[in-house]
Every structure is written in structure tokens, then in C-alpha cells.
$ cat my_file.txt   # compact mmCIF, N, CA and C atoms
# COMPACT_ATOMS: atom_id res chain seq x y z
N MET A 1 -48.68 6.88 34.43
CA MET A 1 -49.45 7.59 33.44
C MET A 1 -50.87 7.76 33.96
N ALA A 2 -51.48 8.85 33.61
CA ALA A 2 -52.84 9.11 34.03
C ALA A 2 -53.64 9.60 32.84
N VAL A 3 -54.91 9.31 32.84
CA VAL A 3 -55.79 9.71 31.75
C VAL A 3 -57.02 10.34 32.37
N GLY A 4 -57.51 11.40 31.76
CA GLY A 4 -58.72 12.05 32.23
C GLY A 4 -59.48 12.60 31.04
N ALA A 5 -60.60 13.25 31.29
CA ALA A 5 -61.40 13.72 30.17
C ALA A 5 -62.33 14.85 30.55
N CYS A 6 -62.72 15.59 29.53
CA CYS A 6 -63.78 16.57 29.68
C CYS A 6 -64.55 16.60 28.37
N ALA A 7 -65.84 16.75 28.45
CA ALA A 7 -66.67 16.75 27.25
C ALA A 7 -66.86 18.16 26.74
N ARG A 8 -67.03 18.27 25.44
CA ARG A 8 -67.42 19.54 24.86
C ARG A 8 -68.15 19.25 23.57
N PRO A 9 -69.03 20.15 23.15
CA PRO A 9 -69.79 19.90 21.93
C PRO A 9 -68.87 19.91 20.71
N VAL A 10 -69.35 19.32 19.63
CA VAL A 10 -68.58 19.32 18.38
C VAL A 10 -68.36 20.77 17.97
N SER A 11 -67.10 21.09 17.71
CA SER A 11 -66.78 22.46 17.33
C SER A 11 -66.91 22.64 15.83
N ARG A 12 -66.88 23.87 15.40
CA ARG A 12 -67.01 24.16 13.98
C ARG A 12 -65.66 24.41 13.32
N TYR A 13 -64.57 24.35 14.11
CA TYR A 13 -63.26 24.57 13.52
C TYR A 13 -62.75 23.30 12.86
N SER A 14 -61.80 23.45 11.99
CA SER A 14 -61.23 22.30 11.30
C SER A 14 -60.12 21.69 12.14
N LEU A 15 -60.32 20.45 12.53
CA LEU A 15 -59.33 19.74 13.33
C LEU A 15 -58.16 19.35 12.42
N GLU A 16 -56.94 19.74 12.81
CA GLU A 16 -55.75 19.35 12.06
C GLU A 16 -55.21 18.09 12.73
N PRO A 17 -55.49 16.93 12.15
CA PRO A 17 -55.18 15.69 12.84
C PRO A 17 -53.70 15.31 12.82
N VAL A 18 -53.30 14.61 13.87
CA VAL A 18 -52.00 13.94 13.90
C VAL A 18 -52.26 12.45 13.71
N SER A 19 -53.52 12.06 13.75
CA SER A 19 -53.95 10.68 13.57
C SER A 19 -55.26 10.71 12.79
N ASN A 20 -55.37 9.83 11.78
CA ASN A 20 -56.55 9.82 10.94
C ASN A 20 -56.77 8.40 10.45
N SER A 21 -57.89 7.80 10.80
CA SER A 21 -58.19 6.45 10.32
C SER A 21 -59.68 6.29 10.09
N VAL A 22 -60.03 5.34 9.20
CA VAL A 22 -61.43 5.03 8.91
C VAL A 22 -61.61 3.52 9.00
N THR A 23 -62.62 3.10 9.76
CA THR A 23 -62.96 1.69 9.88
C THR A 23 -64.46 1.56 9.71
N SER A 24 -64.90 0.83 8.72
CA SER A 24 -66.33 0.57 8.50
C SER A 24 -67.15 1.85 8.51
N GLY A 25 -66.62 2.91 7.90
CA GLY A 25 -67.33 4.17 7.79
C GLY A 25 -67.18 5.10 8.98
N ILE A 26 -66.46 4.69 10.01
CA ILE A 26 -66.24 5.54 11.18
C ILE A 26 -64.84 6.14 11.08
N ARG A 27 -64.78 7.47 10.94
CA ARG A 27 -63.50 8.17 10.87
C ARG A 27 -63.14 8.68 12.26
N VAL A 28 -61.88 8.45 12.66
CA VAL A 28 -61.37 8.92 13.94
C VAL A 28 -60.18 9.83 13.66
N LEU A 29 -60.33 11.10 14.02
CA LEU A 29 -59.27 12.09 13.89
C LEU A 29 -58.81 12.49 15.29
N VAL A 30 -57.50 12.61 15.47
CA VAL A 30 -56.96 13.00 16.77
C VAL A 30 -55.91 14.09 16.58
N LYS A 31 -55.94 15.07 17.46
CA LYS A 31 -54.92 16.11 17.51
C LYS A 31 -54.42 16.17 18.96
N SER A 32 -53.09 16.16 19.13
CA SER A 32 -52.55 16.22 20.50
C SER A 32 -51.78 17.52 20.70
N GLU A 33 -51.63 17.88 21.98
CA GLU A 33 -50.93 19.13 22.33
C GLU A 33 -50.27 18.98 23.70
N TYR A 34 -49.03 19.41 23.80
CA TYR A 34 -48.33 19.45 25.09
C TYR A 34 -48.82 20.66 25.86
N ARG A 35 -49.08 20.49 27.15
CA ARG A 35 -49.56 21.58 28.01
C ARG A 35 -48.49 21.91 29.04
N SER A 36 -47.62 22.84 28.72
CA SER A 36 -46.55 23.23 29.64
C SER A 36 -47.11 23.84 30.92
N ASP A 37 -48.28 24.50 30.83
CA ASP A 37 -48.89 25.14 32.00
C ASP A 37 -49.40 24.13 33.03
N ARG A 38 -49.53 22.87 32.63
CA ARG A 38 -50.03 21.84 33.56
C ARG A 38 -49.02 20.71 33.75
N SER A 39 -47.78 20.99 33.33
CA SER A 39 -46.71 19.99 33.44
C SER A 39 -45.68 20.42 34.46
N ALA A 40 -44.90 19.46 34.95
CA ALA A 40 -43.81 19.72 35.89
C ALA A 40 -42.64 18.79 35.50
N PRO A 41 -41.88 19.18 34.47
CA PRO A 41 -40.80 18.31 33.98
C PRO A 41 -39.81 17.90 35.06
N SER A 42 -39.51 18.79 36.02
CA SER A 42 -38.55 18.44 37.08
C SER A 42 -39.07 17.31 37.97
N SER A 43 -40.38 17.09 37.96
CA SER A 43 -41.00 16.01 38.73
C SER A 43 -41.40 14.83 37.84
N GLY A 44 -41.00 14.88 36.56
CA GLY A 44 -41.36 13.80 35.65
C GLY A 44 -42.84 13.77 35.33
N ARG A 45 -43.44 14.94 35.14
CA ARG A 45 -44.87 15.05 34.83
C ARG A 45 -45.03 15.87 33.55
N TYR A 46 -45.49 15.21 32.49
CA TYR A 46 -45.69 15.85 31.19
C TYR A 46 -47.14 15.62 30.80
N LEU A 47 -47.93 16.69 30.79
CA LEU A 47 -49.35 16.56 30.50
C LEU A 47 -49.61 16.92 29.03
N PHE A 48 -50.33 16.04 28.37
CA PHE A 48 -50.73 16.23 26.97
C PHE A 48 -52.24 16.16 26.89
N THR A 49 -52.83 17.07 26.12
CA THR A 49 -54.26 16.94 25.82
C THR A 49 -54.37 16.36 24.42
N TYR A 50 -55.48 15.71 24.18
CA TYR A 50 -55.77 15.24 22.83
C TYR A 50 -57.26 15.42 22.57
N THR A 51 -57.54 15.90 21.39
CA THR A 51 -58.92 16.11 20.97
C THR A 51 -59.25 15.08 19.91
N VAL A 52 -60.35 14.39 20.10
CA VAL A 52 -60.77 13.32 19.20
C VAL A 52 -62.09 13.73 18.55
N ARG A 53 -62.16 13.55 17.24
CA ARG A 53 -63.43 13.72 16.52
C ARG A 53 -63.77 12.38 15.88
N ILE A 54 -64.92 11.86 16.21
CA ILE A 54 -65.41 10.60 15.67
C ILE A 54 -66.58 10.94 14.75
N SER A 55 -66.45 10.58 13.47
CA SER A 55 -67.48 10.92 12.48
C SER A 55 -67.99 9.67 11.79
N ASN A 56 -69.30 9.62 11.62
CA ASN A 56 -69.91 8.50 10.89
C ASN A 56 -70.05 8.90 9.43
N GLU A 57 -69.14 8.40 8.61
CA GLU A 57 -69.17 8.68 7.17
C GLU A 57 -69.90 7.57 6.42
N GLY A 58 -70.43 6.59 7.14
CA GLY A 58 -71.17 5.49 6.53
C GLY A 58 -72.65 5.81 6.45
N GLU A 59 -73.43 4.81 6.12
CA GLU A 59 -74.88 4.99 5.97
C GLU A 59 -75.67 4.46 7.16
N LYS A 60 -75.03 3.66 8.01
CA LYS A 60 -75.73 3.03 9.13
C LYS A 60 -75.34 3.68 10.45
N THR A 61 -76.33 3.84 11.34
CA THR A 61 -76.11 4.38 12.67
C THR A 61 -75.20 3.45 13.47
N ALA A 62 -74.30 4.06 14.25
CA ALA A 62 -73.40 3.27 15.10
C ALA A 62 -73.27 3.95 16.46
N LYS A 63 -73.21 3.13 17.50
CA LYS A 63 -73.06 3.62 18.86
C LYS A 63 -71.68 3.25 19.38
N LEU A 64 -70.99 4.21 19.99
CA LEU A 64 -69.71 3.94 20.63
C LEU A 64 -70.03 3.40 22.02
N VAL A 65 -69.62 2.15 22.28
CA VAL A 65 -69.96 1.54 23.56
C VAL A 65 -68.79 1.50 24.53
N SER A 66 -67.56 1.39 24.00
CA SER A 66 -66.41 1.35 24.91
C SER A 66 -65.14 1.78 24.17
N ARG A 67 -64.06 1.92 24.96
CA ARG A 67 -62.78 2.36 24.41
C ARG A 67 -61.67 1.48 24.95
N HIS A 68 -60.57 1.43 24.20
CA HIS A 68 -59.37 0.72 24.63
C HIS A 68 -58.17 1.51 24.11
N TRP A 69 -57.40 2.08 25.03
CA TRP A 69 -56.21 2.87 24.69
C TRP A 69 -54.96 2.12 25.10
N ILE A 70 -53.92 2.25 24.30
CA ILE A 70 -52.60 1.75 24.65
C ILE A 70 -51.67 2.96 24.64
N ILE A 71 -51.11 3.26 25.81
CA ILE A 71 -50.26 4.45 26.00
C ILE A 71 -48.85 3.95 26.30
N THR A 72 -47.88 4.43 25.53
CA THR A 72 -46.50 4.00 25.71
C THR A 72 -45.62 5.23 25.89
N ASP A 73 -44.76 5.22 26.91
CA ASP A 73 -43.86 6.36 27.12
C ASP A 73 -42.50 6.08 26.46
N ALA A 74 -41.58 7.02 26.58
CA ALA A 74 -40.27 6.92 25.92
C ALA A 74 -39.42 5.78 26.47
N ARG A 75 -39.74 5.29 27.65
CA ARG A 75 -39.00 4.15 28.24
C ARG A 75 -39.59 2.81 27.81
N GLY A 76 -40.66 2.87 27.05
CA GLY A 76 -41.33 1.64 26.63
C GLY A 76 -42.34 1.14 27.64
N GLU A 77 -42.55 1.90 28.73
CA GLU A 77 -43.57 1.51 29.70
C GLU A 77 -44.94 1.69 29.07
N ARG A 78 -45.76 0.67 29.20
CA ARG A 78 -47.05 0.65 28.51
C ARG A 78 -48.18 0.57 29.53
N GLU A 79 -49.21 1.34 29.28
CA GLU A 79 -50.42 1.31 30.10
C GLU A 79 -51.61 1.12 29.18
N GLU A 80 -52.53 0.26 29.58
CA GLU A 80 -53.75 0.08 28.81
C GLU A 80 -54.92 0.62 29.62
N VAL A 81 -55.77 1.37 28.95
CA VAL A 81 -56.94 1.98 29.59
C VAL A 81 -58.16 1.53 28.80
N ALA A 82 -59.11 0.92 29.48
CA ALA A 82 -60.33 0.46 28.83
C ALA A 82 -61.52 0.83 29.71
N GLY A 83 -62.65 1.05 29.07
CA GLY A 83 -63.85 1.37 29.83
C GLY A 83 -65.02 1.67 28.93
N GLU A 84 -66.16 1.88 29.55
CA GLU A 84 -67.37 2.19 28.80
C GLU A 84 -67.31 3.59 28.24
N GLY A 85 -67.76 3.75 27.01
CA GLY A 85 -67.91 5.05 26.39
C GLY A 85 -66.68 5.93 26.44
N VAL A 86 -66.92 7.22 26.24
CA VAL A 86 -65.88 8.25 26.33
C VAL A 86 -66.47 9.43 27.09
N VAL A 87 -65.70 10.03 27.96
CA VAL A 87 -66.12 11.15 28.80
C VAL A 87 -67.52 10.96 29.38
N GLY A 88 -67.79 9.73 29.83
CA GLY A 88 -69.07 9.43 30.46
C GLY A 88 -70.24 9.31 29.50
N GLN A 89 -69.97 9.26 28.21
CA GLN A 89 -71.04 9.17 27.23
C GLN A 89 -70.82 8.00 26.29
N GLN A 90 -71.90 7.53 25.70
CA GLN A 90 -71.86 6.51 24.66
C GLN A 90 -72.61 7.10 23.46
N PRO A 91 -71.90 7.95 22.69
CA PRO A 91 -72.59 8.67 21.62
C PRO A 91 -73.14 7.75 20.53
N LEU A 92 -74.35 8.10 20.08
CA LEU A 92 -75.01 7.42 18.97
C LEU A 92 -74.80 8.30 17.74
N LEU A 93 -74.12 7.76 16.75
CA LEU A 93 -73.77 8.54 15.57
C LEU A 93 -74.57 8.07 14.37
N LYS A 94 -75.52 8.89 13.94
CA LYS A 94 -76.27 8.62 12.72
C LYS A 94 -75.37 8.99 11.54
N ALA A 95 -75.74 8.58 10.36
CA ALA A 95 -74.98 8.92 9.16
C ALA A 95 -74.76 10.43 9.11
N GLY A 96 -73.51 10.85 8.97
CA GLY A 96 -73.18 12.27 8.88
C GLY A 96 -72.91 12.94 10.22
N ASP A 97 -73.20 12.26 11.34
CA ASP A 97 -72.97 12.84 12.67
C ASP A 97 -71.51 12.75 13.09
N SER A 98 -71.11 13.67 13.96
CA SER A 98 -69.78 13.65 14.57
C SER A 98 -69.91 13.90 16.06
N PHE A 99 -68.94 13.41 16.80
CA PHE A 99 -68.85 13.64 18.23
C PHE A 99 -67.40 13.99 18.53
N GLU A 100 -67.20 15.03 19.31
CA GLU A 100 -65.84 15.47 19.62
C GLU A 100 -65.68 15.62 21.13
N TYR A 101 -64.51 15.25 21.62
CA TYR A 101 -64.20 15.43 23.04
C TYR A 101 -62.71 15.66 23.20
N THR A 102 -62.36 16.22 24.35
CA THR A 102 -60.96 16.45 24.70
C THR A 102 -60.67 15.72 26.00
N SER A 103 -59.52 15.07 26.03
CA SER A 103 -59.09 14.35 27.21
C SER A 103 -57.61 14.65 27.42
N PHE A 104 -57.00 13.99 28.39
CA PHE A 104 -55.59 14.22 28.62
C PHE A 104 -54.89 12.96 29.10
N CYS A 105 -53.57 13.01 29.00
CA CYS A 105 -52.73 11.91 29.43
C CYS A 105 -51.49 12.50 30.08
N ILE A 106 -51.04 11.89 31.17
CA ILE A 106 -49.82 12.36 31.83
C ILE A 106 -48.75 11.28 31.66
N LEU A 107 -47.62 11.68 31.11
CA LEU A 107 -46.48 10.78 30.95
C LEU A 107 -45.38 11.16 31.93
N LYS A 108 -44.47 10.21 32.18
CA LYS A 108 -43.29 10.47 33.01
C LYS A 108 -42.09 10.88 32.14
N THR A 109 -42.27 10.83 30.83
CA THR A 109 -41.20 11.17 29.89
C THR A 109 -41.69 12.25 28.93
N PRO A 110 -40.77 12.99 28.28
CA PRO A 110 -41.19 14.09 27.40
C PRO A 110 -41.77 13.66 26.06
N HIS A 111 -41.81 12.37 25.80
CA HIS A 111 -42.52 11.93 24.60
C HIS A 111 -43.00 10.50 24.77
N GLY A 112 -43.98 10.17 23.97
CA GLY A 112 -44.59 8.85 23.99
C GLY A 112 -45.58 8.75 22.86
N SER A 113 -46.48 7.77 22.94
CA SER A 113 -47.48 7.62 21.88
C SER A 113 -48.74 6.97 22.44
N MET A 114 -49.80 7.11 21.67
CA MET A 114 -51.08 6.50 22.01
C MET A 114 -51.67 5.88 20.76
N ARG A 115 -52.45 4.83 20.95
CA ARG A 115 -53.22 4.20 19.88
C ARG A 115 -54.34 3.43 20.55
N GLY A 116 -55.29 2.96 19.76
CA GLY A 116 -56.36 2.19 20.39
C GLY A 116 -57.51 1.89 19.47
N THR A 117 -58.65 1.59 20.10
CA THR A 117 -59.87 1.29 19.36
C THR A 117 -61.09 1.78 20.14
N TYR A 118 -62.14 2.07 19.38
CA TYR A 118 -63.47 2.31 19.96
C TYR A 118 -64.33 1.12 19.55
N GLN A 119 -65.00 0.51 20.50
CA GLN A 119 -65.89 -0.58 20.18
C GLN A 119 -67.25 0.02 19.82
N MET A 120 -67.68 -0.26 18.60
CA MET A 120 -68.90 0.31 18.04
C MET A 120 -69.92 -0.81 17.82
N VAL A 121 -71.21 -0.46 17.89
CA VAL A 121 -72.28 -1.40 17.58
C VAL A 121 -73.27 -0.69 16.67
N ARG A 122 -73.58 -1.33 15.56
CA ARG A 122 -74.56 -0.79 14.61
C ARG A 122 -75.98 -1.17 15.07
N ASP A 123 -76.97 -0.49 14.51
CA ASP A 123 -78.37 -0.77 14.85
C ASP A 123 -78.76 -2.22 14.62
N ASP A 124 -78.11 -2.87 13.64
CA ASP A 124 -78.44 -4.27 13.35
C ASP A 124 -77.72 -5.25 14.29
N GLY A 125 -77.00 -4.72 15.29
CA GLY A 125 -76.33 -5.55 16.28
C GLY A 125 -74.91 -5.94 15.91
N ILE A 126 -74.46 -5.59 14.73
CA ILE A 126 -73.09 -5.91 14.30
C ILE A 126 -72.11 -5.03 15.07
N ALA A 127 -71.14 -5.67 15.73
CA ALA A 127 -70.12 -4.95 16.51
C ALA A 127 -68.80 -4.96 15.74
N PHE A 128 -68.03 -3.88 15.90
CA PHE A 128 -66.71 -3.79 15.27
C PHE A 128 -65.85 -2.81 16.04
N ASP A 129 -64.55 -2.90 15.84
CA ASP A 129 -63.60 -1.99 16.47
C ASP A 129 -63.17 -0.94 15.48
N ALA A 130 -63.44 0.33 15.79
CA ALA A 130 -62.97 1.46 14.97
C ALA A 130 -61.55 1.79 15.44
N LYS A 131 -60.62 1.74 14.53
CA LYS A 131 -59.20 1.94 14.87
C LYS A 131 -58.91 3.41 15.17
N ILE A 132 -58.09 3.61 16.20
CA ILE A 132 -57.50 4.92 16.50
C ILE A 132 -56.03 4.77 16.12
N ALA A 133 -55.65 5.39 15.00
CA ALA A 133 -54.28 5.25 14.51
C ALA A 133 -53.29 5.83 15.52
N PRO A 134 -52.08 5.28 15.58
CA PRO A 134 -51.07 5.80 16.53
C PRO A 134 -50.79 7.28 16.32
N PHE A 135 -50.57 7.98 17.43
CA PHE A 135 -50.16 9.38 17.36
C PHE A 135 -49.16 9.66 18.45
N SER A 136 -48.31 10.65 18.20
CA SER A 136 -47.24 10.99 19.13
C SER A 136 -47.68 12.01 20.16
N LEU A 137 -47.08 11.92 21.32
CA LEU A 137 -47.20 12.91 22.38
C LEU A 137 -45.75 13.41 22.58
N VAL A 138 -45.49 14.65 22.17
CA VAL A 138 -44.10 15.12 22.17
C VAL A 138 -44.02 16.55 22.68
N VAL A 139 -43.14 16.76 23.66
CA VAL A 139 -42.83 18.11 24.12
C VAL A 139 -42.06 18.79 22.99
N PRO A 140 -42.48 19.99 22.57
CA PRO A 140 -41.75 20.67 21.48
C PRO A 140 -40.25 20.75 21.78
N GLY A 141 -39.45 20.33 20.80
CA GLY A 141 -37.99 20.37 20.94
C GLY A 141 -37.40 19.15 21.63
N ALA A 142 -38.23 18.25 22.14
CA ALA A 142 -37.73 17.09 22.90
C ALA A 142 -36.98 16.08 22.02
N LEU A 143 -37.32 16.05 20.75
CA LEU A 143 -36.70 15.05 19.87
C LEU A 143 -35.65 15.66 18.96
N ASN A 144 -35.26 16.90 19.18
CA ASN A 144 -34.26 17.55 18.34
C ASN A 144 -32.88 17.38 18.92
$ encode --input "my_file.txt" --output "C-alpha cells"
Amino acid sequence: MAVGACARPVSRYSLEPVSNSVTSGIRVLVKSEYRSDRSAPSSGRYLFTYTVRISNEGEKTAKLVSRHWIITDARGEREEVAGEGVVGQQPLLKAGDSFEYTSFCILKTPHGSMRGTYQMVRDDGIAFDAKIAPFSLVVPGALN
């Protein structure tokens, strides 16, 4: 499995989430998409993009300092990805702010799932994990 990323500014369109969770005022919405144009099923390469919107619905500023992803394919093979920030950034989210980015994951199977946490720190030094609820990565028609 491989993971990569590209940054983009927060868009004005409405994200239709496949994953939606709120932890301590931080909402994490995720939408995933299979990319047939960047996949090679005959070689066991299935590329999925996922767009994440992180919104501070609380009253206190919070900074995203690191991430921890758990990626599982259809065979049950699991990969954990952890590191500082997201897409090379550690966004500071004031009350009402949002940050959005798109990244990708490559699986060896036509379906799998992702879940994880963002490690956040508030201005008062209080740290917490904002949950990223599980979401599916599925090639259309793969589960029918």
C-alpha cells in the first residue's frame, strides 16, 4: 500500500462525506473515490483518492500536529502510516476555520478501508486525538 498527498485550498463546494466524526469540537469529513485512470487492476494496483475536511466547530483554537492512519485491504493486510501534519502542513484552526486536502492510497485489492486520528493541540496545551471514522475504499461494482 502507498499513501501520498497534495494540498489544495478549502473549496466552496459541499463535501458529501463517506466518513463523518466530531471529537472535542473538531469535525472530520472524508470522501473517497476510485481512480480508474491511475489504477492497473491486472497488476494489483488500485488507486483511491480521499478528500478530508477538518473543521473547528468549537470555541478554542486547535493545531493539527500529526496523523495516524490505519489502512486495511480486502485480504486483511494492514498498514499504519504516521507522521507530522498533513500534506506538509500543520494547520492552525481557529473557531469556525476549516482545512481541506486531498491525498491518495494504493491498495493491492479492489476494496479496503481506512480509519485513524489527527493529533490536535489547543492553545492551552491540551492535546487530544480527533477521530477519523472508518470509510471504505471500493472499486465500483467490486462488492456486487
$ residues_around --input "my_file.txt" --residues "stretch 68-75 of chain A" --least-positions-apart "2" --cutoff "8 Å" --atoms "all atoms listed in the file" --output "PyMOL selection string"
chain A and resi 66+77-85+107-119
$ select_by_dssp --input "my_file.txt" --residues "stretch 56-118 of chain A" --states "strand (DSSP E)" --output "PyMOL selection string"
chain A and resi 56+62-73+78-84+92-93+98-107+111-118
$ residues_near_point --input "my_file.txt" --point "(-51.2, 9.5, 12.4)" --cutoff "6 Å" --atoms "all atoms listed in the file" --output "PyMOL selection string"
chain A and resi 18-20+133-135
$ atom_distance --input "my_file.txt" --atom1 "atom N of A:Thr102" --atom2 "atom CA of A:Ile54"
10.8 Å
$ residues_near_point --input "my_file.txt" --point "(-68.8, 13.6, 17.6)" --cutoff "6 Å" --atoms "all atoms listed in the file" --output "list in words"
Val10, Arg53, Ile54, Ser55, Asp97, Ser98, Phe99 and Glu100 of chain A
$ select_by_dssp --input "my_file.txt" --residues "chain A" --states "helix (DSSP H, G or I)" --output "PyMOL selection string"
chain A and resi 36-38+41-43
$ closest_residue --input "my_file.txt" --among "A:Phe48, A:Gln90, A:Val121, A:Lys131" --to "A:Phe104" --atoms "all atoms listed in the file"
A:Phe48
$ atom_distance --input "my_file.txt" --atom1 "atom N of A:Phe128" --atom2 "atom C of A:Lys60"
11.8 Å
$ closest_residue --input "my_file.txt" --among "A:Pro140, A:Gly44, A:Lys94, A:Asp129" --to "A:Thr23" --atoms "all atoms listed in the file"
A:Asp129
$ decode --input "my_file.txt" --residues "stretch 102-119 of chain A" --atoms "N, CA and C atoms" --output "PDB file, in the first residue's frame"
ATOM      1  N   THR A 102      -6.445  16.798  -0.268  1.00  0.00           N
ATOM      2  CA  THR A 102      -6.689  15.540  -0.974  1.00  0.00           C
ATOM      3  C   THR A 102      -5.403  14.732  -0.970  1.00  0.00           C
ATOM      4  N   SER A 103      -5.550  13.446  -0.721  1.00  0.00           N
ATOM      5  CA  SER A 103      -4.426  12.538  -0.714  1.00  0.00           C
ATOM      6  C   SER A 103      -4.846  11.266  -1.440  1.00  0.00           C
ATOM      7  N   PHE A 104      -3.977  10.272  -1.437  1.00  0.00           N
ATOM      8  CA  PHE A 104      -4.336   9.030  -2.108  1.00  0.00           C
ATOM      9  C   PHE A 104      -3.732   7.829  -1.394  1.00  0.00           C
ATOM     10  N   CYS A 105      -4.290   6.678  -1.741  1.00  0.00           N
ATOM     11  CA  CYS A 105      -3.839   5.415  -1.181  1.00  0.00           C
ATOM     12  C   CYS A 105      -3.881   4.380  -2.298  1.00  0.00           C
ATOM     13  N   ILE A 106      -2.883   3.515  -2.350  1.00  0.00           N
ATOM     14  CA  ILE A 106      -2.863   2.447  -3.350  1.00  0.00           C
ATOM     15  C   ILE A 106      -3.020   1.116  -2.619  1.00  0.00           C
ATOM     16  N   LEU A 107      -4.029   0.356  -3.029  1.00  0.00           N
ATOM     17  CA  LEU A 107      -4.263  -0.975  -2.477  1.00  0.00           C
ATOM     18  C   LEU A 107      -3.898  -2.037  -3.503  1.00  0.00           C
ATOM     19  N   LYS A 108      -3.677  -3.261  -3.024  1.00  0.00           N
ATOM     20  CA  LYS A 108      -3.438  -4.407  -3.900  1.00  0.00           C
ATOM     21  C   LYS A 108      -4.742  -5.154  -4.199  1.00  0.00           C
ATOM     22  N   THR A 109      -5.821  -4.735  -3.551  1.00  0.00           N
ATOM     23  CA  THR A 109      -7.131  -5.378  -3.723  1.00  0.00           C
ATOM     24  C   THR A 109      -8.158  -4.323  -4.126  1.00  0.00           C
ATOM     25  N   PRO A 110      -9.295  -4.747  -4.725  1.00  0.00           N
ATOM     26  CA  PRO A 110     -10.287  -3.773  -5.197  1.00  0.00           C
ATOM     27  C   PRO A 110     -11.121  -3.121  -4.103  1.00  0.00           C
ATOM     28  N   HIS A 111     -10.913  -3.516  -2.865  1.00  0.00           N
ATOM     29  CA  HIS A 111     -11.581  -2.788  -1.790  1.00  0.00           C
ATOM     30  C   HIS A 111     -10.794  -2.925  -0.496  1.00  0.00           C
ATOM     31  N   GLY A 112     -11.056  -1.992   0.388  1.00  0.00           N
ATOM     32  CA  GLY A 112     -10.392  -1.938   1.679  1.00  0.00           C
ATOM     33  C   GLY A 112     -11.017  -0.836   2.500  1.00  0.00           C
ATOM     34  N   SER A 113     -10.319  -0.404   3.549  1.00  0.00           N
ATOM     35  CA  SER A 113     -10.859   0.662   4.387  1.00  0.00           C
ATOM     36  C   SER A 113      -9.721   1.441   5.039  1.00  0.00           C
ATOM     37  N   MET A 114     -10.078   2.613   5.523  1.00  0.00           N
ATOM     38  CA  MET A 114      -9.136   3.469   6.240  1.00  0.00           C
ATOM     39  C   MET A 114      -9.837   4.039   7.461  1.00  0.00           C
ATOM     40  N   ARG A 115      -9.056   4.308   8.496  1.00  0.00           N
ATOM     41  CA  ARG A 115      -9.529   4.992   9.693  1.00  0.00           C
ATOM     42  C   ARG A 115      -8.301   5.576  10.369  1.00  0.00           C
ATOM     43  N   GLY A 116      -8.517   6.430  11.359  1.00  0.00           N
ATOM     44  CA  GLY A 116      -7.346   6.972  12.032  1.00  0.00           C
ATOM     45  C   GLY A 116      -7.663   8.092  12.982  1.00  0.00           C
ATOM     46  N   THR A 117      -6.619   8.883  13.267  1.00  0.00           N
ATOM     47  CA  THR A 117      -6.750  10.028  14.164  1.00  0.00           C
ATOM     48  C   THR A 117      -5.809  11.150  13.717  1.00  0.00           C
ATOM     49  N   TYR A 118      -6.210  12.362  14.063  1.00  0.00           N
ATOM     50  CA  TYR A 118      -5.327  13.526  13.950  1.00  0.00           C
ATOM     51  C   TYR A 118      -5.007  13.951  15.376  1.00  0.00           C
ATOM     52  N   GLN A 119      -3.741  14.133  15.675  1.00  0.00           N
ATOM     53  CA  GLN A 119      -3.354  14.596  16.992  1.00  0.00           C
ATOM     54  C   GLN A 119      -3.410  16.124  16.974  1.00  0.00           C
TER      55      GLN A 119
END
